[in-house]
2 protein chains.
Amino acid sequence: MADVKRVYTFGNKEAEGNGKMRELLGGKGANLAEMNLIGIPVPPGFTITTEVCAEYYAHGKETIIKMLRPEVEKAMQKIEALTGMNFGDAKKPLLVSVRSGARASMPGMMDTILNLGMNDHAVEAVAKRTGNPRFAWDSYRRFVQMYGDVVLGMKPVSKEDHDPFEVIIEAQKAKRNVVNDTDLTTEDLKELVVKFKEAIKKQTGEDFPTNPWDQLWGAICAVFGSWMNERAILYRKLNNIPSEWGTAVSVMAMVFGNMGNNSATGVAFSRDAATGENIFNGEYLINAQGEDVVAGIRTPQQITIEGSKRWAKAQNISEEDRKNKYPSLEEVMPNVYAELNEIQHHLEQYFTDMQDIEFTIQDGKLWMLQCRNGKRTGAAMVKIAMDMLREGLIDEKTAVLRCEPAKLDELLHPVFDKEAIKNAQVITKGLPASPGAATGPVVFFAEEAEKVFTETGQRAILVRIETSPEDLKGMLDAAGILTARGGMTSHAAVVARGMGKCCVSGAGELDIDYKARTITVGDITVKEGDWISLNGSTGEVYLGQVATKAADLSGDFGHLMELAGKYSVLKVRANADTPKDANQAFEFGAEGIGLCRTEHMFFEGDRIKVIREMILSDDEDGRRVALSKLLPIQRGDFEGLFKVMNGYPVVVRLLDPPLHEFAPHDEKGQMEMAKEMNVPLKQIVAKIEALSEFNPMLGHRGCRLGNTYPEITEMQTRAIIEAAMNVKASGKPVHVEIMVPLVGNHKELRYQKEIIDRTANQVFIERNDKIDYMVGTMIEVPRAAVTANQIAEVAEFFSFGTNDLTQMTLGFSRDDISKFLPIYLEKGILKHDPFQILDQNGVGQLIREAVFKGRSTRPKLKCGICGEHGGEPSSVEFCHDAGLNYVSCSPFRVPIARLAAAHAALTQK
Amino acid sequence: MADVKRVYTFGNKEAEGNGKMRELLGGKGANLAEMNLIGIPVPPGFTITTEVCAEYYAHGKETIIKMLRPEVEKAMQKIEALTGMNFGDAKKPLLVSVRSGARASMPGMMDTILNLGMNDHAVEAVAKRTGNPRFAWDSYRRFVQMYGDVVLGMKPVSKEDHDPFEVIIEAQKAKRNVVNDTDLTTEDLKELVVKFKEAIKKQTGEDFPTNPWDQLWGAICAVFGSWMNERAILYRKLNNIPSEWGTAVSVMAMVFGNMGNNSATGVAFSRDAATGENIFNGEYLINAQGEDVVAGIRTPQQITIEGSKRWAKAQNISEEDRKNKYPSLEEVMPNVYAELNEIQHHLEQYFTDMQDIEFTIQDGKLWMLQCRNGKRTGAAMVKIAMDMLREGLIDEKTAVLRCEPAKLDELLHPVFDKEAIKNAQVITKGLPASPGAATGPVVFFAEEAEKVFTETGQRAILVRIETSPEDLKGMLDAAGILTARGGMTSHAAVVARGMGKCCVSGAGELDIDYKARTITVGDITVKEGDWISLNGSTGEVYLGQVATKAADLSGDFGHLMELAGKYSVLKVRANADTPKDANQAFEFGAEGIGLCRTEHMFFEGDRIKVIREMILSDDEDGRRVALSKLLPIQRGDFEGLFKVMNGYPVVVRLLDPPLHEFAPHDEKGQMEMAKEMNVPLKQIVAKIEALSEFNPMLGHRGCRLGNTYPEITEMQTRAIIEAAMNVKASGKPVHVEIMVPLVGNHKELRYQKEIIDRTANQVFIERNDKIDYMVGTMIEVPRAAVTANQIAEVAEFFSFGTNDLTQMTLGFSRDDISKFLPIYLEKGILKHDPFQILDQNGVGQLIREAVFKGRSTRPKLKCGICGEHGGEPSSVEFCHDAGLNYVSCSPFRVPIARLAAAHAALTQK
């Protein structure tokens with residue numbers, strides 16, 4: 001162990017490490033080293049490697065201190081030499097900061113200690129050297145407080161108070177009868193230091209360490225320890241950061257922005273993080289330390305004149321007031337500003353990405369404390385990448401990889417107006433089932449949503465305990481959908497995503513009373529017609545009307561999509577059931593329809609009645625009568641789809657849901673049906689009862705319908721083939737793929753294929769013409785994956801239905817999963833909702849097996865995926881890796897999938 | 001192709017083939033050859049091999065005739081030489097029979113043609129040679145008729161008439177004004193032959209072939225053709241006979257049992273096929289051909305004196321009448337009888353199995369036409385095997401292999417009295433869900449079944465649309481259970497099989513009216529209290545009372561079980577939830593409990609109320625109160641089980657079903673609950689509604705319960721460990737295996753194991769003692785199989801829950817499968833109900849994968865199966881082959897599983 005280098009120094013434009021050593025030095029440490037190497041002014045310091053973090057957890061505090069001591073002492077001497085100060089010295093005491101820094105940025109998650117090295121001697125020396133005793137004592141007070149919290153683990157004295165030291169400060173202020181911290185005198189600060197130390201002694205039983213070296217080792221170990229604090233663990237879980245990575249620790253000479261009016265501290269971005277505009281921007285505070293900017297006690301000022309003017313305008317501040325009270329850094333310290341501006345430009349050019357920087361000006365001298373690639377909104381992400389590409393800063397591949405697929409979602413849906421949302425009252429939170437923002441009056445029934453829209457043009461918010469296929473029309477007319485039950489892949493969620501409509505599902509706190517037409521949450525009651533607003537991207541539900549604005553897809557977006565297409569291997573298709581959806585998908589760049597769910601067509605207008613007539617028939621003859629009425633309707637639907645797709649492949653799935661889904665479940669509908677069909681109500685009720693199932697998910701559906709009622713498959717095949725021939729006759733190309741759902745056994749598919757081929761041939765003979773078509777199957781039953789070699793003897797393509805495959809492989813009913821999923825996520829039994837992010841270890845293994853076995857029989861077998869996962873970036877990446885030919889997802893996810901597909905191709909080893 | 005030998009001759013104690021050549025010569029051909037070789041008198045002939053059957057289907061009629069001609073002509077010459085007759089000769093015409101004969105016996109499934117070689121010349125020659133013109137013309141008439149039917153494919157002239165020739169015969173009889181065929185004169189028969197030929201010409205447009213060679217080739221090809229007739233295809237499907245096997249064709253010189261009173265024909269068994277008694281028995285007819293025995297026009301007589309006397313007694317026929325009208329062969333032809341008796345004995349000794357033989361006596365000379373191992377009942381099967389073992393005829397292994405596991409079932413349950421059942425009226429047929437016979441008055445509610453039994457001691461037939469766990473006590477008190485819904489693995493079926501109680505499930509024709517307390521089927525109405533009878537082995541439901549008798553497990557049965565144990569590798573355990581079940585299982589030879597479903601214990605007595613208190617509690621505290629009441633009850637249950645099993649392993653599964661299964665679903669129960677718990681009814685109803693699920697099968701159950709309510713796992717673990725320690729303290733050995741259900745992810749198991757280990761340790765500390773226990777898991781979610789390597793890191797044993805694994809792998813809800821299963825079986829999409837016979841290709845692949853992956857992590861991993869398949873012979877064989885350590889099944893299936901396990905070990909390659 002002794003031979004390993006554990007400490008890397010930097011300072012004065014030299015560094016032992018560099019920017020490529022993120023894994024070893026953490027992001028912060030690597031960039032501090034790199035900034036030195038490229039001549040940026042950085043206070044000298046050193047970084048202890050991330051490997052030591054693992055050693056800390058393996059061997060404990062004492063051991064690592066022993067191991068580190070020689071290297072750290074030597075590194076400290078380097079700082080002393082460069083600063084001319086000495087650590088622990090009584091006259092020229094060197095103070096340092098100790099900061100964490102993992103490979104990936106984890107802002108605010110781990111601990112930082114400033115002003116380390118302070119003690120009763122040092123404070124006097126600092127006071128003397130700076131001629132500013134208040135500054136010295138304030139720094140000392142801050143250090144004791146931070147050290148007490150972070151290293152010594154001081155706990156709140158009561159539930160109400162978060163910080164035990166704040167209690168003491170408040171008492172002091174009360175005693176002095178002042179309001180602000182800044183009103184406390186140097187004497188007050190001295191008193192606070194004493195009281196802080198007493199409190200520490202009282203709670204921990206230990207004296208506050210006066211020896212700077214003891215302080216340093218304590219702080220280093222505390223930073224390592226903070227890697228495993230709850231916040232950090234949670235953050236890593238949410239962001240998929242492995243706990244093995246560990247954090248580095250950077251120790252750096254303190255520079256002070258609070259040494260007077262020639263000092264300042266600030267943060268800045270090299271471009272606008274919200275819009276992506278190429279404008280240097282940021283905030284600073286004169287005579288302050290970094291935490292003051294964050295604390296919000298004083299109003300930070302803008303760095304550039306332009307930014308300052310914009311800000312003042314938004315705040316309704318006159319130019320005079322602005323200049324006097326809130327001048328920009330550019331105005332206050334033009335030379336320092338010029339240097340800062342040059343540095344930000346240099347850093348951006350050097351790192352070829354938008355930079356988020358921290359700086360401190362100590363007595364007129366600029367120091368950079370940190371730089372990193374800046375976080376940004378989806379819109380900024382796209383604009384910056386495309387701008388930098390145009391500027392020649394990055395190449396096409398890099399530009400594509402710079403854009404995170406999931407963040408595109410932000411660009412595709414309406415959003416709340418930023419200002420309006422600030423004052424809105426959140427009444428509950430559900431699942432962010434379908435992104436976007438929606439606002440409107442509450443209705444409780446689908447027909448009401450239709451009625452309100454038809455009569456007034458106003459789109460309502462449809463609030464249901466859960467939705468069912470019968471609600472489809474109402475959902476289409478609504479502005480958004482809110483449900484109390486159901487998960488991310490409940491009916492409401494799936495349909496809403498398909499429509500690109502905002503939806504919050506599973507908001508379990510809502511007490512919905514259909515009779516009274518009210519929602520109750522706690523003591524808030526919302527009545528029919530009252531306005532609420534939904535944020536489908538966060539799951540938040542707001543009381544009242546919140547202004548929204550439509551998404552703006554700028555030219556950069558189109559450019560990015562073009563590049564994504566250029567670098568993808570995997571094709572992207574869309575799940576679309578109507579010409580409208582297909583058109584939307586086409587506009588988003590879908591290269592075909594991967595899933596047309598024919599049953600969705602059955603809910604439009606009066607069609608549902610014909611379907612009901614079919615399912616309530618007692619015999620084949622009765623069913624055939626009803627089916628013959630459906631034939632021209634279906635044919636028309638398919639013609640529309642084929643026309644829009646203009647020769648791109650269209651996968652039409654045969655009827656899939658259990659028939660009871662189409663039955664009228666309320667008495668009113670049943671009576672209507674009885675009347676329509678001229679049979680007693682009792683007979684209708686009995687039939688519906690006979691259709692009911694214990695586990696409809698595993699019931700009489702999919703190809704089991706087509707194999708028990710072959711006449712349904714016949715009708716659908718005829719509609720598909722006739723439609724395709726009509727479109728072909730009109731001079732447009734057509735590419736038809738007929739898909740048989742829920743196959744688990746090759747014989748099921750053989751039976752269906754036989755019916756399809758026979759019916760198609762009949763049409764060919766009738767019309768004395770032919771078209772090409774393919775017959776394939778969904779792979780959504782685990783058995784189909786396991787026996788894919790047999791199924792591929794019949795199937796000309798596979799499409800993985802990962803929704804159902806997940807349900808069956810995991811044994812999770814997606815409609816019931818909300819009962820235990822939250823607990824499973826909380827306990828870490830599951831990392832994600834497997835209906836959102838493909839379970840690669842379980843379901844993924846079956847997919848790989850099926851692709852392998854299928855292609856062992858039919859080497860050119862075309863494989864795709866049409867589950868909800870087809871639009872989720874990590875799942876798309878998996879699909880690329882598993883050798884699929886395409887993914888298919890809801891139209892609004894097509895751009896995300898396309899970008900993810902490009903990423904997969906570009907990052908493949 | 002020319003070099004292959006396609007024809008094997010036999011005759012006069014010589015044969016080119018032998019008894020071992022079943023594959024090539026079919027069972028019949030091989031045995032005909034073998035009988036020659038051991039000196040049994042058999043008419044000379046030859047057999048065309050089964051390989052030619054495949055050639056027939058590959059190349060067609062013309063080609064195979066060409067190929068066969070030289071060999072067949074040579075073989076025919078051999079027959080001619082041995083008989084002194086000539087095929088097609090005008091004076092001494094040789095007549096032959098042409099018969100099918102596959103590798104496995106397919107009685108009556110394929111075609112046979114007798115008297116071939118007859119034509120207008122031959123008939124005269126036969127008449128002259130035998131001095132019996134009527135015999136000659138009758139033979140001719142029969143030949144034209146058979147040949148017309150079989151070879152020329154004559155079809156019925158109308159729907160009412162099955163045979164076009166019978167119409168002509170009836171017309172002739174009407175014309176002659178006679179009733180019986182035998183009343184027709186020689187002239188009539190001549191006329192019939194003419195008319196038959198005219199009918200053939202009219203329907204087929206062809207002349208009846210007069211050339212014997214044309215006749216022969218036609219017949220041979222017709223036999224090959226009959227391999228693919230509908231009956232034969234169906235029979236093969238039912239009996240798992242591959243269609244590739246093909247049939248052989250045997251051609252043999254005719255011998256005539258209808259040449260006068262010194263001729264006869266008959267069939268016999270070397271032992272009693274019903275009881276297994278070592279008594280030669282059979283029937284014969286004087287002056288008759290084989291078909292007459294079958295046709296039932298004349299009453300066949302018994303072969304032995306003893307058999308004849310028994311028969312007469314049963315028929316109420318006096319000894320005098322018997323002797324005069326129905327004398328035995330032993331009395332009529334004592335010498336021939338003696339020879340026959342000697343031959344049957346010889347054959348049985350030679351083939352070392354009970355023989356089913358066909359013979360013809362022509363003019364006082366005995367000829368054997370066929371011998372094969374006889375079909376027999378389950379009881380006969382066991383007795384014959386054990387008798388032959390004692391006689392030294394076969395060894396132990398052979399005795400075990402002679403007994404078909406599935407047939408043991410017949411011995412284990414009550415059966416209907418044979419005579420009583422003959423007159424019973426079948427009112428409907430359901431699924432044979434649990435074997436045995438039951439009779440009793442109809443009740444519609446479980447409480448009624450309890451009440452009737454408690455008050456009168458009479459066991460009723462419980463008739464339900466479906467049963468639920470609440471009906472358990474009533475089911476226990478009933479004689480049998482009949483349900484209108486649900487498949488072979490519905491609640492009723494599974495529970496009934498577990499109890500060894502007769503059950504017919506899914507009798508969909510029944511219209512059950514709970515209010516009126518009636519069953520209606522067509523125009524039959526059965527009221528409460530009316531008697532019905534159920535045959536759980538066939539699914540038949542009878543009107544009224546049908547007498548039953550208990551199963552008699554003789555000493556032979558015990559002996560067989562002993563041998564099965566001796567030769568098995570796979571252990572057999574039982575699924576048992578109560579000491580009573582466990583005891584039954586123990587008596588049947590179970591070597592442990594493979595599955596104790598703790599939830600079944602919850603339905604007894606007042607326990608259900610405590611459970612309901614738990615599930616209706618709003619918080620953990622409330623649940624803990626209820627659980628603390630359950631603890632002593634559960635502990636008591638487990639003590640009982642452990643005591644009975646006396647050190648054999650006992651697998652206790654933690655709570656599995658979704659909690660709503662325990663909730664009261666009727667308003668009465670809910671009101672009771674509200675009262676008991678002192679909360680408003682509304683609250684109870686709301687809670688139950690909140691618990692309800694769309695797909696309970698894939699819902700909040702199994703370890704998902706234990707992971708969301710850890711207190712349940714804690715209570716159950718405590719009950720198990722405390723019970724085990726109590727039993728251990730009483731001086732009895734205990735072997736505990738705790739099983740976590742529905743694991744799909746290793747983390748789920750880790751969480752549960754952590755709770756189990758922690759709780760067990762607490763008990764160990766409290767008692768200052770320890771016991772060994774194992775923690776394992778069900779593999780019943782496909783994902784568990786796929787990730788078995790990870791799961792085996794935690795699990796100390798696997799138990800395949802093949803019921804649920806089948807549900808999820810195939811996507812079949814066993815409660816709903818009856819909607820399409822019958823159609824799937826009919827269409828051959830499925831060969832079997834996968835809940836009865838393990839789907840080896842799908843589910844089986846996952847099992848093999850899980851065993852392989854599990855043992856790759858934990859080489860000594862103990863693997864078992866506890867689904868319903870554990871008692872199904874072919875599935876048991878699969879389990880042996882897949883390397884499992886044990887199977888576990890309901891107590892009444894333990895003997896079957898033990899025998900199947902022995903078979904698997906003895907037949908393994």
# chains A, B, ... in the order shown; residues from 1 in each chain; ligands from 1

$ closest_atom_pairs --of "chain B" --to "chain A" --cutoff "9 Å" --atoms "only C-alpha atoms" --output "JSON lines"
{"residue": "B:Leu691", "atom": "CA", "partner": "A:Lys819", "partner_atom": "CA", "distance": 8.6}
{"residue": "B:Ser692", "atom": "CA", "partner": "A:Asp816", "partner_atom": "CA", "distance": 8.8}
{"residue": "B:Glu693", "atom": "CA", "partner": "A:Asp816", "partner_atom": "CA", "distance": 5.9}
{"residue": "B:Phe694", "atom": "CA", "partner": "A:Asp816", "partner_atom": "CA", "distance": 6.5}
{"residue": "B:Asn695", "atom": "CA", "partner": "A:Asn695", "partner_atom": "CA", "distance": 4.4}
{"residue": "B:Pro696", "atom": "CA", "partner": "A:Asn695", "partner_atom": "CA", "distance": 6.6}
{"residue": "B:Met697", "atom": "CA", "partner": "A:Asn695", "partner_atom": "CA", "distance": 6.5}
{"residue": "B:Leu698", "atom": "CA", "partner": "A:Phe812", "partner_atom": "CA", "distance": 4.8}
{"residue": "B:Gly699", "atom": "CA", "partner": "A:Ser813", "partner_atom": "CA", "distance": 5.7}
{"residue": "B:His700", "atom": "CA", "partner": "A:Lys819", "partner_atom": "CA", "distance": 6.6}
{"residue": "B:Arg704", "atom": "CA", "partner": "A:Phe820", "partner_atom": "CA", "distance": 7.0}
{"residue": "B:Leu705", "atom": "CA", "partner": "A:Phe820", "partner_atom": "CA", "distance": 8.4}
{"residue": "B:Asn707", "atom": "CA", "partner": "A:Tyr824", "partner_atom": "CA", "distance": 8.0}
{"residue": "B:Thr708", "atom": "CA", "partner": "A:Ile823", "partner_atom": "CA", "distance": 6.6}
{"residue": "B:Leu742", "atom": "CA", "partner": "A:Gly811", "partner_atom": "CA", "distance": 8.3}
{"residue": "B:Gly744", "atom": "CA", "partner": "A:Leu810", "partner_atom": "CA", "distance": 6.1}
{"residue": "B:Asn745", "atom": "CA", "partner": "A:Ile829", "partner_atom": "CA", "distance": 7.7}
{"residue": "B:His746", "atom": "CA", "partner": "A:Ile829", "partner_atom": "CA", "distance": 8.5}
{"residue": "B:Lys747", "atom": "CA", "partner": "A:Ile829", "partner_atom": "CA", "distance": 5.3}
{"residue": "B:Glu748", "atom": "CA", "partner": "A:Ile829", "partner_atom": "CA", "distance": 6.1}
{"residue": "B:Tyr751", "atom": "CA", "partner": "A:Ile829", "partner_atom": "CA", "distance": 8.3}
{"residue": "B:Val781", "atom": "CA", "partner": "A:Gly811", "partner_atom": "CA", "distance": 6.0}
{"residue": "B:Pro782", "atom": "CA", "partner": "A:Thr809", "partner_atom": "CA", "distance": 4.9}
{"residue": "B:Arg783", "atom": "CA", "partner": "A:Thr809", "partner_atom": "CA", "distance": 5.2}
{"residue": "B:Ala784", "atom": "CA", "partner": "A:Leu810", "partner_atom": "CA", "distance": 8.1}
{"residue": "B:Val786", "atom": "CA", "partner": "A:Gly842", "partner_atom": "CA", "distance": 6.2}
{"residue": "B:Thr787", "atom": "CA", "partner": "A:Gly842", "partner_atom": "CA", "distance": 6.5}
{"residue": "B:Gln807", "atom": "CA", "partner": "A:Leu698", "partner_atom": "CA", "distance": 7.7}
{"residue": "B:Met808", "atom": "CA", "partner": "A:Met808", "partner_atom": "CA", "distance": 5.1}
{"residue": "B:Thr809", "atom": "CA", "partner": "A:Pro782", "partner_atom": "CA", "distance": 4.9}
{"residue": "B:Leu810", "atom": "CA", "partner": "A:Arg783", "partner_atom": "CA", "distance": 5.5}
{"residue": "B:Gly811", "atom": "CA", "partner": "A:Leu698", "partner_atom": "CA", "distance": 4.9}
{"residue": "B:Phe812", "atom": "CA", "partner": "A:Leu698", "partner_atom": "CA", "distance": 4.8}
{"residue": "B:Ser813", "atom": "CA", "partner": "A:Leu698", "partner_atom": "CA", "distance": 4.9}
{"residue": "B:Arg814", "atom": "CA", "partner": "A:Leu698", "partner_atom": "CA", "distance": 8.6}
{"residue": "B:Asp815", "atom": "CA", "partner": "A:Phe694", "partner_atom": "CA", "distance": 6.5}
{"residue": "B:Asp816", "atom": "CA", "partner": "A:Gly699", "partner_atom": "CA", "distance": 5.8}
{"residue": "B:Ile817", "atom": "CA", "partner": "A:Gly699", "partner_atom": "CA", "distance": 6.7}
{"residue": "B:Lys819", "atom": "CA", "partner": "A:His700", "partner_atom": "CA", "distance": 6.5}
{"residue": "B:Phe820", "atom": "CA", "partner": "A:His700", "partner_atom": "CA", "distance": 6.7}
{"residue": "B:Ile823", "atom": "CA", "partner": "A:Thr708", "partner_atom": "CA", "distance": 6.6}
{"residue": "B:Tyr824", "atom": "CA", "partner": "A:Asn707", "partner_atom": "CA", "distance": 8.0}
{"residue": "B:Gly828", "atom": "CA", "partner": "A:Lys747", "partner_atom": "CA", "distance": 8.2}
{"residue": "B:Ile829", "atom": "CA", "partner": "A:Lys747", "partner_atom": "CA", "distance": 5.3}
{"residue": "B:Leu830", "atom": "CA", "partner": "A:Lys747", "partner_atom": "CA", "distance": 8.1}
{"residue": "B:Asn841", "atom": "CA", "partner": "A:Thr787", "partner_atom": "CA", "distance": 7.4}
{"residue": "B:Gly842", "atom": "CA", "partner": "A:Arg783", "partner_atom": "CA", "distance": 5.3}
{"residue": "B:Val843", "atom": "CA", "partner": "A:Arg783", "partner_atom": "CA", "distance": 7.2}
{"residue": "B:Gln845", "atom": "CA", "partner": "A:Val786", "partner_atom": "CA", "distance": 7.3}
{"residue": "B:Leu846", "atom": "CA", "partner": "A:Val786", "partner_atom": "CA", "distance": 7.8}

$ residues_around --residues "Gly218 in chain A" --least-positions-apart "6" --cutoff "12 Å" --atoms "only C-alpha atoms" --output "VMD selection string"
chain A and resid 61 to 62 64 to 65 98 113 116 to 117 147 to 148 150 to 153 208 to 212 224 to 225

$ residues_around --residues "Met381 in chain A" --least-positions-apart "4" --cutoff "8 Å" --atoms "only C-alpha atoms" --output "count of residues only"
7

$ residues_around --residues "Thr456 in chain B" --least-positions-apart "6" --cutoff "12 Å" --atoms "only C-alpha atoms" --output "NGL selection string"
:B and (441 or 448-450 or 477)

$ atom_distance --atom1 "CA of Thr518 in chain B" --atom2 "CA of Val504 in chain B"
17.5 Å

$ select_by_dssp --residues "range 741-828 of chain B" --states "strand (DSSP E)" --output "list in words"
Tyr773, Met774, Val775, Gly776, Thr777, Met778, Ile779, Phe797, Phe798, Ser799 and Phe800 of chain B

$ write_last_selection --atoms "all heavy atoms" --output "short mmCIF file (atom, residue, chain, number, x, y, z; two decimals), in the first residue's frame"
data_model
loop_
_atom_site.label_atom_id
_atom_site.label_comp_id
_atom_site.auth_asym_id
_atom_site.auth_seq_id
_atom_site.Cartn_x
_atom_site.Cartn_y
_atom_site.Cartn_z
N TYR B 773 -31.98 -24.50 10.95
CA TYR B 773 -33.08 -24.30 10.02
C TYR B 773 -32.49 -23.81 8.71
O TYR B 773 -31.38 -23.31 8.67
CB TYR B 773 -34.11 -23.29 10.57
CG TYR B 773 -33.58 -21.89 10.69
CD1 TYR B 773 -33.78 -20.95 9.69
CD2 TYR B 773 -32.85 -21.50 11.82
CE1 TYR B 773 -33.27 -19.67 9.80
CE2 TYR B 773 -32.34 -20.22 11.94
CZ TYR B 773 -32.55 -19.30 10.93
OH TYR B 773 -32.04 -18.04 11.02
N MET B 774 -33.23 -24.01 7.64
CA MET B 774 -32.78 -23.52 6.34
C MET B 774 -33.75 -22.47 5.82
O MET B 774 -34.94 -22.51 6.15
CB MET B 774 -32.71 -24.66 5.33
CG MET B 774 -31.55 -25.61 5.52
SD MET B 774 -31.75 -27.10 4.52
CE MET B 774 -31.21 -26.50 2.93
N VAL B 775 -33.24 -21.56 5.02
CA VAL B 775 -34.12 -20.59 4.36
C VAL B 775 -33.95 -20.75 2.85
O VAL B 775 -32.83 -20.74 2.34
CB VAL B 775 -33.76 -19.14 4.77
CG1 VAL B 775 -34.66 -18.15 4.01
CG2 VAL B 775 -33.91 -18.95 6.27
N GLY B 776 -35.07 -20.96 2.19
CA GLY B 776 -35.03 -21.14 0.74
C GLY B 776 -36.15 -20.38 0.09
O GLY B 776 -36.84 -19.60 0.74
N THR B 777 -36.36 -20.63 -1.17
CA THR B 777 -37.39 -19.86 -1.87
C THR B 777 -38.12 -20.71 -2.90
O THR B 777 -37.59 -21.70 -3.39
CB THR B 777 -36.77 -18.64 -2.59
OG1 THR B 777 -37.83 -17.86 -3.16
CG2 THR B 777 -35.81 -19.04 -3.69
N MET B 778 -39.32 -20.28 -3.19
CA MET B 778 -40.04 -20.81 -4.34
C MET B 778 -39.41 -20.20 -5.59
O MET B 778 -39.04 -19.03 -5.59
CB MET B 778 -41.50 -20.34 -4.33
CG MET B 778 -42.31 -20.70 -3.16
SD MET B 778 -43.04 -22.34 -3.30
CE MET B 778 -44.47 -22.00 -4.33
N ILE B 779 -39.32 -21.00 -6.63
CA ILE B 779 -39.00 -20.44 -7.94
C ILE B 779 -40.30 -20.56 -8.73
O ILE B 779 -40.66 -21.65 -9.18
CB ILE B 779 -37.85 -21.20 -8.63
CG1 ILE B 779 -36.59 -21.19 -7.76
CG2 ILE B 779 -37.57 -20.59 -10.01
CD1 ILE B 779 -35.84 -19.88 -7.67
N PHE B 797 -32.28 -23.48 -0.54
CA PHE B 797 -32.95 -24.49 -1.38
C PHE B 797 -33.92 -23.78 -2.32
O PHE B 797 -34.31 -22.63 -2.08
CB PHE B 797 -33.69 -25.53 -0.54
CG PHE B 797 -34.80 -25.00 0.30
CD1 PHE B 797 -36.09 -24.88 -0.20
CD2 PHE B 797 -34.57 -24.61 1.62
CE1 PHE B 797 -37.12 -24.38 0.58
CE2 PHE B 797 -35.59 -24.10 2.41
CZ PHE B 797 -36.87 -23.99 1.89
N PHE B 798 -34.22 -24.44 -3.41
CA PHE B 798 -35.21 -23.97 -4.39
C PHE B 798 -36.39 -24.94 -4.36
O PHE B 798 -36.18 -26.15 -4.31
CB PHE B 798 -34.67 -24.02 -5.82
CG PHE B 798 -33.75 -22.91 -6.24
CD1 PHE B 798 -33.20 -22.91 -7.51
CD2 PHE B 798 -33.44 -21.86 -5.37
CE1 PHE B 798 -32.35 -21.90 -7.93
CE2 PHE B 798 -32.59 -20.83 -5.78
CZ PHE B 798 -32.04 -20.87 -7.06
N SER B 799 -37.58 -24.42 -4.44
CA SER B 799 -38.71 -25.29 -4.68
C SER B 799 -39.51 -24.69 -5.83
O SER B 799 -39.98 -23.55 -5.73
CB SER B 799 -39.58 -25.40 -3.42
OG SER B 799 -40.69 -26.23 -3.71
N PHE B 800 -39.61 -25.42 -6.92
CA PHE B 800 -40.30 -24.89 -8.08
C PHE B 800 -41.81 -24.92 -7.87
O PHE B 800 -42.38 -26.00 -7.68
CB PHE B 800 -39.92 -25.67 -9.34
CG PHE B 800 -38.50 -25.42 -9.73
CD1 PHE B 800 -37.48 -26.26 -9.31
CD2 PHE B 800 -38.17 -24.30 -10.47
CE1 PHE B 800 -36.17 -26.01 -9.63
CE2 PHE B 800 -36.86 -24.03 -10.81
CZ PHE B 800 -35.85 -24.88 -10.38
#

$ atom_distance --atom1 "CA of Ala585 in chain A" --atom2 "CA of Met645 in chain A"
9.5 Å

$ atom_distance --atom1 "CA of Asn281 in chain A" --atom2 "CA of Ile357 in chain A"
10.5 Å
